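Take a look at the structure set out below.
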Amino acid sequence: PVASILGRNRRELQTNQLGAVGVAALYLDTGRLDEIDNTGAATGGSFTPQDFAAMVAWGGALTRSLDAGISLKYVSSRIKDTASTGAADFGLRLRERIAGMPYSAAVSLHNLGGSLRFHRESDPLPLQLALSQSLRPTRNISLSLDLVAPRDNRIYPALGAEFRGAVGPN
């Protein structure tokens, strides 16, 4: 929570008027790969592909039932050469009750921003739009449905269910 960062009364995992900030770092190293030519013959060389991303995000309540969030990220990818870019994610979530059950609907846009440029070729980050909804029919069960629209592919659904239960008496 932003209030605890500013030195105000610390309230773990509770919402406040200032929202919450998050940070993340992702790193992928595939290890050394041997080079081959277009016939499949080894060239004797090798390379080590690596990807890195660093993100900072903010999210908070705009009204009693509407939340918003934004994240900014730096993305770097290395195959033999290195390319990097910046991007942003945006989202809105509406929280309501349907027949007494908690319900939320959201829209989010991911990877809005630059492209990774290797030599003369430029490759945009995988931009996608997601429409999501979640319903919690009981205290322990959540059901979700997303419709995801990637820039370079067809729209597809994603379904999910979650069961939450105590592992021990406390």
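Residues are referred to by chain and number: the chain letter is A, B, ... according to the order shown in the structure tokens, the number counts from 1 in that chain, and ligands are numbered separately from 1 in the order shown.
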
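Non-sequential neighbours of range 145-162 of chain A (distance at most 10 Å, separation of 2 or more positions within a chain, only C-alpha atoms) are A:Ala105, A:Ala106, A:Val107, A:Ser108, A:Leu109, A:His110, A:Pro124, A:Leu125, A:Pro126, A:Leu127, A:Gln128, A:Leu129, A:Ala130, A:Leu131, A:Ser132, A:Gln133, A:Ser134, A:Leu135, A:Arg136, A:Asn140, A:Ile141, A:Ser142, A:Leu143, A:Arg164, A:Gly165.
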
Could you list, with a cut-off of 12 Å and counting only C-alpha atoms, the residues of range 23-63 of chain A near range 87-90 of chain A, each shown with its nearest atom pair and the distance in Å rounded to one decimal, rows sorted by chain and ascending number, as JSON lines?
{"residue": "A:Ala53", "atom": "CA", "partner": "A:Ala87", "partner_atom": "CA", "distance": 10.3}
{"residue": "A:Ala54", "atom": "CA", "partner": "A:Ala87", "partner_atom": "CA", "distance": 10.5}
{"residue": "A:Met55", "atom": "CA", "partner": "A:Ala88", "partner_atom": "CA", "distance": 9.0}
{"residue": "A:Val56", "atom": "CA", "partner": "A:Ala88", "partner_atom": "CA", "distance": 9.7}
{"residue": "A:Ala57", "atom": "CA", "partner": "A:Asp89", "partner_atom": "CA", "distance": 8.8}
{"residue": "A:Trp58", "atom": "CA", "partner": "A:Phe90", "partner_atom": "CA", "distance": 9.9}
{"residue": "A:Gly59", "atom": "CA", "partner": "A:Phe90", "partner_atom": "CA", "distance": 9.6}

Go through chain A and collect every residue that DSSP, computed from the backbone, puts in helix (DSSP H, G or I); the answer should be as an MDAnalysis selection string. chainID A and resid 2:5

Using N, CA, C and O atoms, can you export the residues from the last selection as a PDB file, in the first residue's frame?
ATOM      1  N   VAL A   2       0.444   2.269  -0.751  1.00  0.00           N
ATOM      2  CA  VAL A   2       1.202   3.511  -0.860  1.00  0.00           C
ATOM      3  C   VAL A   2       1.309   4.210   0.492  1.00  0.00           C
ATOM      4  O   VAL A   2       2.349   4.777   0.822  1.00  0.00           O
ATOM      5  N   ALA A   3       0.261   4.161   1.303  1.00  0.00           N
ATOM      6  CA  ALA A   3       0.300   4.836   2.612  1.00  0.00           C
ATOM      7  C   ALA A   3       1.466   4.332   3.462  1.00  0.00           C
ATOM      8  O   ALA A   3       2.128   5.112   4.135  1.00  0.00           O
ATOM      9  N   SER A   4       1.752   3.028   3.431  1.00  0.00           N
ATOM     10  CA  SER A   4       2.853   2.502   4.233  1.00  0.00           C
ATOM     11  C   SER A   4       4.209   2.938   3.672  1.00  0.00           C
ATOM     12  O   SER A   4       5.152   3.126   4.412  1.00  0.00           O
ATOM     13  N   ILE A   5       4.311   3.121   2.357  1.00  0.00           N
ATOM     14  CA  ILE A   5       5.550   3.603   1.749  1.00  0.00           C
ATOM     15  C   ILE A   5       5.827   5.031   2.203  1.00  0.00           C
ATOM     16  O   ILE A   5       6.962   5.418   2.431  1.00  0.00           O
TER      17      ILE A   5
END

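Comparing the minimum interatomic distances between Asp81 in chain A and each of A:Thr48, A:Thr39, A:Ser104, A:Thr63, counting only C-alpha atoms, we find that A:Thr48 sits nearest.
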
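Remark: for Arg78 in chain A, the closest of the candidate residues A:Asn38, A:Thr30, A:Asn111, A:Gln17 is A:Thr30 (distances computed over only C-alpha atoms).
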
Write out as a PyMOL selection string all residues of chain A that backbone DSSP assigns to strand (DSSP E or B). chain A and resi 20-29+33-36+42-47+50-61+66-78+82-98+101-113+115-118+121-124+128-138+141-150+156-163

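With distances restricted to only C-alpha atoms, A:Asp29 is the closest residue to Asp51 in chain A from A:Asp67, A:Asp123, A:Asp29, A:Asp34.
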
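Atom to atom, CA of Leu94 in chain A and CA of Arg64 in chain A stand 9.3 Å apart.
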
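For the choices A:Pro102, A:Gly22, A:Pro169, A:Gly114, the atom-to-atom distance to Pro137 in chain A is smallest for A:Pro102 when using only C-alpha atoms.
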